[in-house]
>>> print(open('input-v7.cif').read())   # mmCIF, C-alpha atoms
data_upload
#
loop_
_atom_site.group_PDB
_atom_site.id
_atom_site.type_symbol
_atom_site.label_atom_id
_atom_site.label_comp_id
_atom_site.auth_asym_id
_atom_site.auth_seq_id
_atom_site.Cartn_x
_atom_site.Cartn_y
_atom_site.Cartn_z
ATOM 1 C CA PRO U 1 -7.721 -14.365 -14.321
ATOM 2 C CA CYS U 2 -10.733 -13.335 -12.200
ATOM 3 C CA ILE U 3 -10.017 -9.584 -12.162
ATOM 4 C CA SER U 4 -11.959 -7.837 -14.935
ATOM 5 C CA ASP U 5 -12.342 -11.238 -16.539
ATOM 6 C CA PRO U 6 -15.168 -13.767 -17.100
ATOM 7 C CA GLY U 7 -13.537 -16.008 -14.478
ATOM 8 C CA TYR U 8 -15.602 -14.074 -11.935
ATOM 9 C CA THR U 9 -18.810 -15.798 -13.091
ATOM 10 C CA ILE U 10 -17.258 -19.239 -12.560
ATOM 11 C CA THR U 11 -16.078 -18.303 -9.072
ATOM 12 C CA LYS U 12 -19.498 -16.841 -8.197
ATOM 13 C CA LYS U 13 -21.318 -19.974 -9.404
ATOM 14 C CA ALA U 14 -18.900 -22.283 -7.574
ATOM 15 C CA LEU U 15 -19.488 -20.387 -4.308
ATOM 16 C CA GLU U 16 -23.265 -20.554 -4.838
ATOM 17 C CA LEU U 17 -22.967 -24.344 -5.237
ATOM 18 C CA GLY U 18 -20.965 -24.621 -2.020
ATOM 19 C CA VAL U 19 -17.644 -25.363 -3.715
ATOM 20 C CA THR U 20 -14.590 -24.200 -1.769
ATOM 21 C CA VAL U 21 -12.638 -21.666 -3.829
ATOM 22 C CA SER U 22 -9.036 -21.175 -2.733
ATOM 23 C CA PRO U 23 -6.441 -18.842 -4.317
ATOM 24 C CA ILE U 24 -2.988 -19.866 -5.453
ATOM 25 C CA ILE U 25 -0.611 -17.030 -4.671
ATOM 26 C CA GLY U 26 1.078 -15.688 -7.779
ATOM 27 C CA ALA U 27 2.014 -12.581 -9.707
ATOM 28 C CA CYS U 28 -0.601 -9.852 -10.038
ATOM 29 C CA SER U 29 0.089 -7.651 -13.045
ATOM 30 C CA LEU U 30 -1.751 -4.701 -11.508
ATOM 31 C CA VAL U 31 0.269 -4.669 -8.279
ATOM 32 C CA ALA U 32 3.488 -5.382 -10.187
ATOM 33 C CA ALA U 33 2.826 -2.460 -12.563
ATOM 34 C CA ILE U 34 2.136 -0.043 -9.716
ATOM 35 C CA SER U 35 5.293 -1.161 -7.904
ATOM 36 C CA VAL U 36 7.534 -0.199 -10.832
ATOM 37 C CA SER U 37 5.675 2.917 -12.038
ATOM 38 C CA GLY U 38 7.164 5.419 -9.592
ATOM 39 C CA LEU U 39 3.764 7.146 -9.425
ATOM 40 C CA ALA U 40 1.795 8.217 -6.343
ATOM 41 C CA PHE U 41 -0.585 5.277 -5.876
ATOM 42 C CA GLY U 42 -1.399 5.204 -2.151
ATOM 43 C CA GLN U 43 -5.126 5.157 -2.940
ATOM 44 C CA PHE U 44 -6.345 4.188 -6.371
ATOM 45 C CA ALA U 45 -9.303 3.008 -8.414
ATOM 46 C CA PHE U 46 -9.063 0.044 -10.774
ATOM 47 C CA LEU U 47 -11.455 0.517 -13.702
ATOM 48 C CA GLY U 48 -10.945 -2.806 -15.475
ATOM 49 C CA PHE U 49 -10.653 -2.764 -19.265
ATOM 50 C CA TYR U 50 -10.897 0.624 -20.917
ATOM 51 C CA GLU U 51 -14.171 1.782 -22.441
ATOM 52 C CA LYS U 52 -14.867 5.270 -23.759
ATOM 53 C CA SER U 53 -17.778 5.572 -21.310
ATOM 54 C CA LEU U 54 -15.283 5.549 -18.401
ATOM 55 C CA LYS U 55 -13.959 9.008 -19.260
ATOM 56 C CA GLU U 56 -16.332 11.000 -17.032
ATOM 57 C CA LYS U 57 -15.792 8.634 -14.101
ATOM 58 C CA LEU U 58 -12.040 8.928 -14.599
ATOM 59 C CA ILE U 59 -12.171 12.754 -14.435
ATOM 60 C CA LEU U 60 -14.227 12.618 -11.223
ATOM 61 C CA LEU U 61 -11.866 10.141 -9.560
ATOM 62 C CA LEU U 62 -8.808 12.256 -10.379
ATOM 63 C CA LYS U 63 -10.525 15.327 -8.914
ATOM 64 C CA ASN U 64 -11.090 13.316 -5.730
ATOM 65 C CA LYS U 65 -7.357 12.579 -5.563
ATOM 66 C CA LEU U 66 -7.568 8.922 -6.537
ATOM 67 C CA SER U 67 -4.984 7.519 -8.923
ATOM 68 C CA ILE U 68 -6.322 5.217 -11.638
ATOM 69 C CA ALA U 69 -5.338 1.888 -13.175
ATOM 70 C CA ILE U 70 -6.847 0.667 -16.457
ATOM 71 C CA PHE U 71 -6.266 -2.465 -18.528
ATOM 72 C CA LEU U 72 -6.141 -2.061 -22.315
ATOM 73 C CA PRO U 73 -5.029 -4.076 -25.349
ATOM 74 C CA ALA U 74 -1.505 -2.992 -26.273
ATOM 75 C CA ARG U 75 -2.648 -2.311 -29.857
ATOM 76 C CA ASP U 76 -4.999 0.391 -28.493
ATOM 77 C CA ILE U 77 -2.445 2.362 -26.446
ATOM 78 C CA LEU U 78 -2.192 5.210 -28.958
ATOM 79 C CA LYS U 79 -5.960 5.367 -29.503
ATOM 80 C CA VAL U 80 -6.736 5.459 -25.755
ATOM 81 C CA LEU U 81 -4.064 8.099 -25.048
ATOM 82 C CA ASN U 82 -5.525 10.271 -27.805
ATOM 83 C CA GLU U 83 -9.061 9.830 -26.441
ATOM 84 C CA LEU U 84 -7.987 10.720 -22.896
ATOM 85 C CA GLN U 85 -5.441 13.403 -23.785
ATOM 86 C CA ASP U 86 -7.580 16.393 -22.767
ATOM 87 C CA SER U 87 -8.560 14.770 -19.462
ATOM 88 C CA ILE U 88 -5.115 13.598 -18.317
ATOM 89 C CA GLN U 89 -2.692 16.053 -19.945
ATOM 90 C CA ASP U 90 -1.883 17.657 -16.568
ATOM 91 C CA HIS U 91 -1.182 14.304 -14.887
ATOM 92 C CA GLU U 92 1.830 12.037 -14.773
ATOM 93 C CA ILE U 93 1.102 8.666 -16.347
ATOM 94 C CA CYS U 94 2.811 5.345 -16.948
ATOM 95 C CA VAL U 95 2.151 2.569 -19.459
ATOM 96 C CA VAL U 96 3.391 -0.868 -18.457
ATOM 97 C CA ARG U 97 3.548 -3.696 -20.967
ATOM 98 C CA GLU U 98 4.936 -7.239 -21.101
ATOM 99 C CA LEU U 99 6.185 -7.230 -17.482
ATOM 100 C CA THR U 100 8.834 -9.903 -16.734
ATOM 101 C CA LYS U 101 8.922 -10.897 -20.423
ATOM 102 C CA MET U 102 11.556 -10.380 -23.107
ATOM 103 C CA TYR U 103 9.969 -7.188 -24.470
ATOM 104 C CA GLU U 104 9.163 -5.602 -21.107
ATOM 105 C CA ASP U 105 8.267 -1.971 -21.653
ATOM 106 C CA ILE U 106 7.706 0.631 -18.919
ATOM 107 C CA LYS U 107 7.227 4.212 -20.066
ATOM 108 C CA LYS U 108 6.495 7.102 -17.690
ATOM 109 C CA GLY U 109 5.889 10.802 -18.375
ATOM 110 C CA SER U 110 3.206 13.178 -19.563
ATOM 111 C CA VAL U 111 0.555 12.015 -22.009
ATOM 112 C CA GLN U 112 2.421 13.966 -24.717
ATOM 113 C CA ASP U 113 5.666 12.111 -23.879
ATOM 114 C CA LEU U 114 3.881 8.794 -24.340
ATOM 115 C CA LEU U 115 2.104 9.865 -27.525
ATOM 116 C CA ASN U 116 5.538 10.678 -28.945
ATOM 117 C CA TYR U 117 6.877 7.314 -27.780
ATOM 118 C CA TYR U 118 4.050 5.091 -29.030
ATOM 119 C CA THR U 119 3.871 5.708 -32.751
ATOM 120 C CA ASP U 120 1.715 4.046 -35.394
ATOM 121 C CA GLU U 121 4.780 2.148 -36.559
ATOM 122 C CA LYS U 122 4.861 0.145 -33.338
ATOM 123 C CA LYS U 123 2.662 -2.918 -33.793
ATOM 124 C CA LEU U 124 2.108 -3.945 -30.191
ATOM 125 C CA LYS U 125 0.629 -7.236 -29.032
ATOM 126 C CA GLY U 126 -0.732 -8.452 -25.728
ATOM 127 C CA GLU U 127 -2.183 -6.323 -22.950
ATOM 128 C CA ALA U 128 -0.998 -3.179 -21.205
ATOM 129 C CA ILE U 129 -1.812 -1.259 -18.046
ATOM 130 C CA LEU U 130 -2.319 2.491 -18.050
ATOM 131 C CA LEU U 131 -1.576 4.126 -14.691
ATOM 132 C CA ILE U 132 -2.657 7.723 -14.083
ATOM 133 C CA SER U 133 -1.455 9.584 -10.993
ATOM 134 C CA PHE U 134 -3.826 12.076 -9.374
ATOM 135 C CA VAL U 135 -0.767 14.303 -8.808
ATOM 136 C CA LYS U 136 -0.656 17.059 -11.409
ATOM 137 C CA LEU U 137 2.622 17.655 -13.239
ATOM 138 C CA GLN U 138 2.561 21.377 -12.446
ATOM 139 C CA GLU U 139 2.061 20.690 -8.714
ATOM 140 C CA LYS U 140 4.976 18.259 -8.697
ATOM 141 C CA LYS U 141 7.128 20.761 -10.570
ATOM 142 C CA GLN U 142 6.293 23.512 -8.087
ATOM 143 C CA ASP U 143 6.990 21.237 -5.120
ATOM 144 C CA LEU U 144 10.409 20.416 -6.567
ATOM 145 C CA LYS U 145 11.268 24.068 -7.191
ATOM 146 C CA GLU U 146 10.311 24.957 -3.630
ATOM 147 C CA LEU U 147 12.397 22.088 -2.221
ATOM 148 C CA LEU U 148 15.401 23.081 -4.325
ATOM 149 C CA ALA U 149 15.090 26.736 -3.344
ATOM 150 C CA GLU U 150 15.181 25.718 0.334
ATOM 151 C CA VAL U 151 18.269 23.536 -0.156
ATOM 152 C CA LEU U 152 20.097 26.240 -2.125
ATOM 153 C CA LYS U 153 19.231 28.835 0.505
ATOM 154 C CA GLU U 154 20.447 26.583 3.318
ATOM 155 C CA LYS U 155 23.599 25.589 1.411
ATOM 156 C CA SER U 156 24.330 28.832 -0.383
ATOM 157 C CA PHE U 157 27.841 27.683 -1.298
ATOM 158 C CA LEU U 158 26.277 25.288 -3.843
ATOM 159 C CA LYS U 159 25.007 28.273 -5.772
ATOM 160 C CA GLU U 160 28.154 30.331 -5.445
ATOM 161 C CA GLU U 161 30.564 27.680 -6.705
ATOM 162 C CA LYS U 162 29.414 28.038 -10.344
ATOM 163 C CA VAL U 163 29.391 24.267 -10.774
ATOM 164 C CA PRO U 164 27.754 22.881 -13.926
ATOM 165 C CA LEU U 165 24.044 22.384 -13.331
ATOM 166 C CA LYS U 166 24.159 18.742 -14.427
ATOM 167 C CA TYR U 167 26.773 18.044 -11.757
ATOM 168 C CA LEU U 168 24.771 20.005 -9.187
ATOM 169 C CA ALA U 169 21.632 17.997 -10.058
ATOM 170 C CA ASP U 170 23.616 14.780 -9.570
ATOM 171 C CA VAL U 171 24.911 15.940 -6.159
ATOM 172 C CA LEU U 172 21.468 17.022 -4.968
ATOM 173 C CA LYS U 173 19.829 13.788 -6.131
ATOM 174 C CA THR U 174 22.499 11.705 -4.400
ATOM 175 C CA TYR U 175 22.867 13.492 -1.070
ATOM 176 C CA GLU U 176 19.458 15.034 -0.364
ATOM 177 C CA GLU U 177 17.082 12.262 0.720
ATOM 178 C CA HIS U 178 13.913 14.310 0.211
ATOM 179 C CA LEU U 179 14.875 14.822 -3.444
ATOM 180 C CA ALA U 180 15.378 11.113 -4.107
ATOM 181 C CA LYS U 181 11.841 10.693 -5.514
ATOM 182 C CA PHE U 182 12.670 13.088 -8.360
ATOM 183 C CA SER U 183 14.763 12.114 -11.377
ATOM 184 C CA LYS U 184 18.065 13.864 -12.158
ATOM 185 C CA LYS U 185 16.452 15.286 -15.292
ATOM 186 C CA GLU U 186 13.594 16.807 -13.265
ATOM 187 C CA ILE U 187 16.069 18.338 -10.797
ATOM 188 C CA TYR U 188 18.245 19.647 -13.635
ATOM 189 C CA ASN U 189 15.270 21.274 -15.415
ATOM 190 C CA ALA U 190 14.052 22.855 -12.170
ATOM 191 C CA LEU U 191 17.551 24.225 -11.481
ATOM 192 C CA ILE U 192 17.602 25.857 -14.910
ATOM 193 C CA GLU U 193 14.312 27.606 -14.101
ATOM 194 C CA ILE U 194 15.512 28.685 -10.643
ATOM 195 C CA TYR U 195 18.756 30.138 -11.999
ATOM 196 C CA ASN U 196 16.913 31.919 -14.788
ATOM 197 C CA TYR U 197 14.362 33.422 -12.450
ATOM 198 C CA ASN U 198 16.949 34.726 -9.978
#
>>> encode(input="input-v7.cif", output="C-alpha coordinates")
Amino acid sequence: PCISDPGYTITKKALELGVTVSPIIGACSLVAAISVSGLAFGQFAFLGFYEKSLKEKLILLLKNKLSIAIFLPARDILKVLNELQDSIQDHEICVVRELTKMYEDIKKGSVQDLLNYYTDEKKLKGEAILLISFVKLQEKKQDLKELLAEVLKEKSFLKEEKVPLKYLADVLKTYEEHLAKFSKKEIYNALIEIYNYN
(Lines of atoms letter the chains of each structure in order from A and count residues from 1; the text may use other names and numbers.)
(Lines give C-alpha, C1' and ligand atoms only; values in the text may rest on other atoms or scores of the structure.)
Protein backbone atom coordinates (compact mmCIF):
# COMPACT_ATOMS: atom_id res chain seq x y z
CA PRO A 1 0.00 0.00 0.00
CA CYS A 2 3.01 2.36 0.17
CA ILE A 3 3.67 2.54 -3.59
CA SER A 4 1.94 5.59 -5.09
CA ASP A 5 -0.20 5.67 -1.98
CA PRO A 6 -0.53 7.87 1.14
CA GLY A 7 1.03 5.04 3.18
CA TYR A 8 4.38 6.60 2.28
CA THR A 9 3.76 9.52 4.66
CA ILE A 10 3.11 7.14 7.56
CA THR A 11 6.28 5.18 6.82
CA LYS A 12 8.32 8.40 6.52
CA LYS A 13 6.99 9.74 9.84
CA ALA A 14 7.57 6.41 11.60
CA LEU A 15 11.21 6.38 10.43
CA GLU A 16 11.67 9.99 11.57
CA LEU A 17 10.40 8.97 15.03
CA GLY A 18 12.84 6.06 15.18
CA VAL A 19 10.21 3.35 14.71
CA THR A 20 11.49 0.20 13.02
CA VAL A 21 9.58 -0.39 9.78
CA SER A 22 9.77 -3.94 8.45
CA PRO A 23 8.11 -5.31 5.28
CA ILE A 24 5.91 -8.38 5.12
CA ILE A 25 6.63 -10.16 1.87
CA GLY A 26 3.56 -10.45 -0.32
CA ALA A 27 2.17 -10.01 -3.80
CA CYS A 28 3.13 -6.87 -5.70
CA SER A 29 0.60 -6.07 -8.40
CA LEU A 30 3.16 -4.17 -10.47
CA VAL A 31 5.67 -7.03 -10.62
CA ALA A 32 2.88 -9.57 -11.11
CA ALA A 33 1.45 -7.56 -14.03
CA ILE A 34 4.83 -7.25 -15.73
CA SER A 35 5.46 -10.98 -15.31
CA VAL A 36 2.33 -11.92 -17.26
CA SER A 37 2.36 -9.12 -19.86
CA GLY A 38 4.80 -10.68 -22.32
CA LEU A 39 6.23 -7.20 -22.98
CA ALA A 40 9.87 -6.10 -23.01
CA PHE A 41 10.30 -4.72 -19.48
CA GLY A 42 14.01 -5.14 -18.67
CA GLN A 43 14.23 -1.46 -17.68
CA PHE A 44 11.12 0.50 -16.90
CA ALA A 45 9.72 3.60 -15.23
CA PHE A 46 6.80 3.43 -12.81
CA LEU A 47 4.77 6.65 -12.99
CA GLY A 48 2.25 5.97 -10.23
CA PHE A 49 -1.38 6.89 -10.87
CA TYR A 50 -2.14 8.40 -14.25
CA GLU A 51 -2.46 12.16 -14.64
CA LYS A 52 -2.76 14.01 -17.94
CA SER A 53 0.37 16.01 -17.06
CA LEU A 54 2.44 12.79 -17.34
CA LYS A 55 2.04 12.63 -21.12
CA GLU A 56 5.18 14.58 -22.03
CA LYS A 57 7.29 12.64 -19.53
CA LEU A 58 5.90 9.40 -20.93
CA ILE A 59 6.91 10.34 -24.51
CA LEU A 60 10.44 11.21 -23.35
CA LEU A 61 10.85 7.95 -21.44
CA LEU A 62 9.73 5.86 -24.42
CA LYS A 63 12.23 7.70 -26.65
CA ASN A 64 14.94 6.77 -24.14
CA LYS A 65 13.95 3.11 -24.46
CA LEU A 66 12.30 2.77 -21.07
CA SER A 67 9.08 0.80 -20.80
CA ILE A 68 6.38 2.35 -18.61
CA ALA A 69 3.96 1.16 -15.94
CA ILE A 70 1.00 3.29 -14.81
CA PHE A 71 -1.77 2.68 -12.29
CA LEU A 72 -5.28 3.83 -13.24
CA PRO A 73 -8.86 3.29 -12.06
CA ALA A 74 -10.42 0.57 -14.21
CA ARG A 75 -13.34 2.89 -15.03
CA ASP A 76 -10.86 5.26 -16.75
CA ILE A 77 -9.18 2.72 -19.05
CA LEU A 78 -11.00 3.91 -22.18
CA LYS A 79 -10.48 7.59 -21.34
CA VAL A 80 -6.74 7.17 -20.69
CA LEU A 81 -6.20 5.09 -23.85
CA ASN A 82 -7.94 7.79 -25.88
CA GLU A 83 -5.83 10.53 -24.28
CA LEU A 84 -2.58 8.64 -24.93
CA GLN A 85 -3.51 7.18 -28.32
CA ASP A 86 -1.35 9.52 -30.41
CA SER A 87 1.67 9.03 -28.14
CA ILE A 88 1.59 5.22 -27.84
CA GLN A 89 -0.05 4.06 -31.08
CA ASP A 90 3.26 2.63 -32.36
CA HIS A 91 3.93 0.69 -29.14
CA GLU A 92 2.76 -2.64 -27.82
CA ILE A 93 0.74 -2.25 -24.63
CA CYS A 94 -0.99 -4.40 -22.05
CA VAL A 95 -3.77 -3.65 -19.57
CA VAL A 96 -3.90 -5.89 -16.52
CA ARG A 97 -6.91 -5.90 -14.23
CA GLU A 98 -8.16 -7.95 -11.27
CA LEU A 99 -5.09 -10.22 -11.13
CA THR A 100 -5.66 -13.51 -9.24
CA LYS A 101 -9.36 -12.67 -8.83
CA MET A 102 -12.47 -14.15 -10.44
CA TYR A 103 -12.64 -11.54 -13.21
CA GLU A 104 -8.93 -11.47 -14.02
CA ASP A 105 -8.42 -9.65 -17.29
CA ILE A 106 -5.14 -9.38 -19.22
CA LYS A 107 -5.32 -7.77 -22.65
CA LYS A 108 -2.27 -7.17 -24.85
CA GLY A 109 -1.96 -5.55 -28.29
CA SER A 110 -1.86 -2.16 -29.96
CA VAL A 111 -3.71 0.78 -28.45
CA GLN A 112 -6.33 0.34 -31.20
CA ASP A 113 -6.80 -3.34 -30.24
CA LEU A 114 -7.48 -2.31 -26.65
CA LEU A 115 -9.77 0.57 -27.61
CA ASN A 116 -11.83 -1.98 -29.54
CA TYR A 117 -11.82 -4.34 -26.57
CA TYR A 118 -12.73 -1.85 -23.83
CA THR A 119 -16.05 -0.39 -24.88
CA ASP A 120 -18.33 2.04 -23.07
CA GLU A 121 -20.64 -0.86 -22.29
CA LYS A 122 -18.06 -2.40 -19.96
CA LYS A 123 -18.57 -0.93 -16.50
CA LEU A 124 -15.26 -1.77 -14.87
CA LYS A 125 -14.49 -1.51 -11.17
CA GLY A 126 -11.29 -1.56 -9.17
CA GLU A 127 -7.84 -0.60 -10.40
CA ALA A 128 -5.83 -1.51 -13.47
CA ILE A 129 -2.23 -1.30 -14.63
CA LEU A 130 -1.29 0.02 -18.04
CA LEU A 131 2.03 -1.33 -19.34
CA ILE A 132 3.66 0.30 -22.36
CA SER A 133 6.65 -1.34 -24.04
CA PHE A 134 9.33 0.91 -25.51
CA VAL A 135 9.54 -1.57 -28.41
CA LYS A 136 7.66 -0.24 -31.42
CA LEU A 137 5.21 -2.56 -33.16
CA GLN A 138 6.77 -1.90 -36.57
CA GLU A 139 10.26 -2.76 -35.26
CA LYS A 140 8.99 -6.01 -33.77
CA LYS A 141 7.20 -6.84 -37.01
CA GLN A 142 10.35 -6.21 -39.04
CA ASP A 143 12.47 -8.29 -36.67
CA LEU A 144 10.03 -11.19 -37.05
CA LYS A 145 10.01 -10.95 -40.85
CA GLU A 146 13.80 -10.97 -40.93
CA LEU A 147 13.96 -13.99 -38.59
CA LEU A 148 11.40 -15.88 -40.68
CA ALA A 149 13.20 -15.06 -43.92
CA GLU A 150 16.41 -16.52 -42.47
CA VAL A 151 14.67 -19.71 -41.34
CA LEU A 152 12.92 -20.17 -44.69
CA LYS A 153 16.18 -19.60 -46.55
CA GLU A 154 18.02 -22.11 -44.36
CA LYS A 155 15.19 -24.65 -44.57
CA SER A 156 14.01 -24.03 -48.10
CA PHE A 157 11.98 -27.25 -48.13
CA LEU A 158 9.48 -25.56 -45.77
CA LYS A 159 8.64 -23.11 -48.51
CA GLU A 160 8.56 -25.64 -51.31
CA GLU A 161 6.17 -28.08 -49.65
CA LYS A 162 3.13 -25.81 -50.17
CA VAL A 163 1.92 -26.52 -46.64
CA PRO A 164 -0.91 -24.35 -45.30
CA LEU A 165 0.51 -21.22 -43.70
CA LYS A 166 -1.33 -21.82 -40.43
CA TYR A 167 0.34 -25.22 -40.13
CA LEU A 168 3.71 -23.72 -41.07
CA ALA A 169 3.28 -21.01 -38.40
CA ASP A 170 2.52 -23.73 -35.84
CA VAL A 171 5.64 -25.72 -36.83
CA LEU A 172 7.90 -22.66 -36.72
CA LYS A 173 6.54 -21.53 -33.35
CA THR A 174 7.01 -25.01 -31.89
CA TYR A 175 10.44 -25.97 -33.23
CA GLU A 176 12.33 -22.69 -33.63
CA GLU A 177 13.37 -21.47 -30.18
CA HIS A 178 14.17 -17.92 -31.30
CA LEU A 179 10.59 -17.56 -32.57
CA ALA A 180 9.03 -18.66 -29.28
CA LYS A 181 8.55 -15.06 -28.08
CA PHE A 182 6.17 -14.39 -30.98
CA SER A 183 2.57 -15.61 -31.07
CA LYS A 184 1.35 -18.02 -33.77
CA LYS A 185 -0.87 -15.23 -35.10
CA GLU A 186 2.12 -12.87 -35.45
CA ILE A 187 4.12 -15.57 -37.26
CA TYR A 188 1.16 -16.40 -39.51
CA ASN A 189 0.62 -12.73 -40.47
CA ALA A 190 4.33 -12.25 -41.17
CA LEU A 191 4.36 -15.38 -43.36
CA ILE A 192 1.47 -13.99 -45.40
CA GLU A 193 3.47 -10.81 -46.02
CA ILE A 194 6.64 -12.74 -46.91
CA TYR A 195 4.83 -14.98 -49.39
CA ASN A 196 3.07 -12.01 -50.95
CA TYR A 197 6.27 -10.04 -51.33
CA ASN A 198 8.19 -12.89 -52.95
>>> resolve_selection(input="input-v7.cif", expression="the PyMOL selection byres ((chain U and resi 83) around 12)", output="PyMOL selection string")
chain U and resi 50-56+76-82+84-89+111+115
>>> closest_residue(input="input-v7.cif", among="U:Leu72, U:Pro164, U:Leu179, U:Asp90", to="Gly48 (chain U)", atoms="all atoms listed in the file")
U:Leu72
>>> axis_aligned_box(input="input-v7.cif", around="region 83-97 of chain U", padding_each_side="4 Å", output="lines of an AutoDock Vina configuration file")
center_x = -2.8
center_y = 7.0
center_z = -20.6
size_x = 20.6
size_y = 29.4
size_z = 19.7
>>> resolve_selection(input="input-v7.cif", expression="the PyMOL selection byres ((chain U and resi 18-33) around 12)", output="NGL selection string")
:U and (1-4 or 8 or 10-17 or 34-39 or 41-42 or 44-49 or 68-72 or 93-101 or 104-108 or 127-132)
>>> atom_distance(input="input-v7.cif", atom1="CA of Pro73 (chain U)", atom2="CA of Thr119 (chain U)")
15.2 Å
>>> closest_residue(input="input-v7.cif", among="U:Leu58, U:Leu124, U:Ala40, U:Met102", to="Lys136 (chain U)", atoms="only C-alpha atoms")
U:Ala40
>>> atom_distance(input="input-v7.cif", atom1="CA of Gln43 (chain U)", atom2="CA of Phe134 (chain U)")
9.5 Å
